[in-house]
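Novice: Structure below; questions to follow.
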Amino acid sequence: MVLSFSSVILVSVLILSYGVNSEPVQDKQALLTFLSMVKHENRVQWNSSSSACDWVGVECDATRSFVFTLRLPGVGLIGSIPPKTIGLLNRLRVLSLRANRLSGTVPADFSNLTLLRSLYLQENQFTGSFPSSLTRLIRLVRLDLSSNNFTGPIPVGVNNLTHLTGLFLQNNTFSGSLPAINSDGLDDFDVSNNNLTGSIPYTLSKFPASSFAGNIGLCGAPLRACKPTYRKSSGLSTGAIVAIVLGSVLVALLFLLCLILFLRKQQRRPDKKEKPVTEETRAAPPAEAGTSSSKDDLTGGSIERERNKLVFFESGVYSFDLEDLLRASAEVLGKGSVGTSYKAVLEEGTAVVVKRLKDVAASKREFEMQMEKLGKIKHEKVVPLRAFYYSKDEKLLVYEFMPNGSLSALLHGVARKRVKE
């Protein structure tokens, strides 16, 4: 079938008429919703009665059936980008919103912009981590997120963008180490003025030092060399290390237990020094003078050791019992009208003074009451009473030993010295 010249002209006119009258209805509505929800200056005035393809910053395809490009740089946009607005322009190729005051996070539905080639969001106030939605835009050629407030690590998912020729992430607060980004087709790369650390991957070392400046924790070419770190390999597996640690802890606990048992063994049980005396003993007359290692010097040799015990005062510092005292070596210090005083040196080396009373007629209750009064006397000039022993025929008082001698010895010594003079 051969068309006449007039038929061709008619078809052409119909096609042109269709192109002129077509309208990207869905894209237009998405743009109007965006503009109504985002604060902006009067630089952007889109008339809903006119075609979206004729608006400022908007370009449509040749058939005017969808929005191909959206460029709104520096037009005073303020606030966050609402979802289901720009993210609905699923045939968009170029998006530029740079140099505004947009904030918040990049909407997750930007992942719908799968045909996007160029994305310019620099010089805004975006926050949050690197937008994961952008790592799905595999047709991206230029991506600029510089001069915002993005934080966190740069994801290795950037390697999904295999068509990238320019990646600009400078002047943010990205942290962590740089991933090994494939730079085969990458011509421009900049991560300067962030908080990145670690060594620069070899794949990125071809870029100039200015691309990495302002990251004090970065090292390696083209920056300064990284300081070598030396690690001594123990050759031990994780299980072996755990076993060693647990074994060390058990040994330490065992040692601590042994120490506690040892310290407790060094202390005498309280009942040995706090129980009152309940049995009586018989005593023979003491030796008059000299030194002896026999317990007979102190008690006359007839004390019932299993039942009779010393009574200590609470403020006492000693921890021995009557059996220990009986085993001590004894030295006569002096005799008086009420008894004889001995210096007793215990097996552990502690020295005490034991006064053995004589001719004391008192009941056990009366004697204990008198001892309680004596034990309460606290004076710097008086030797404190530390313990006592009571039985019908034997009564002992235990004092601290004063190593500087007795008052009598000092007085007599002075008197003799004066006589000689």
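How things are named: the first chain in the structure tokens is A, the next is B, and so on; residues count from 1 in each chain; ligands count from 1 in the order shown.
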Neighbours of region 358-368 of chain A within 7 Å (only C-alpha atoms; same-chain residues fewer than 6 positions away dropped), as a count of residues only?
Specialist: 3
Novice: Between CA of Arg117 (chain A) and CA of Asn215 (chain A), what is the distance, to one decimal in Å?
Specialist: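 Pair CA of Arg117 (chain A) / CA of Asn215 (chain A) returns 29.2 Å.
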Novice: Using only C-alpha atoms, which residues sit within 12 Å of Ser183 (chain A) once same-chain residues fewer than 4 positions away are excluded, as a list in words?
Specialist: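 In the requested format, the answer is Val158, Asn159, Asn160, Leu161, Thr162, His163, Leu164, Thr165, Gly166, Leu167, Pro179, Asp187, Asp188, Phe189, Pro201, Tyr202, Thr203, Leu204, Ser205, Lys206 and Phe207 of chain A.
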Novice: Distance table requested - region 42-115 of chain A against region 136-149 of chain A, cut-off 7 Å, only C-alpha atoms: one row per qualifying residue with the closest atom pair and its distance in Å to one decimal, ordered by chain and rising residue number, as JSON lines.
Specialist:
```
{"residue": "A:Ser111", "atom": "CA", "partner": "A:Arg136", "partner_atom": "CA", "distance": 6.1}
{"residue": "A:Leu113", "atom": "CA", "partner": "A:Leu137", "partner_atom": "CA", "distance": 6.9}
{"residue": "A:Thr114", "atom": "CA", "partner": "A:Leu137", "partner_atom": "CA", "distance": 5.1}
{"residue": "A:Leu115", "atom": "CA", "partner": "A:Arg139", "partner_atom": "CA", "distance": 6.2}
```
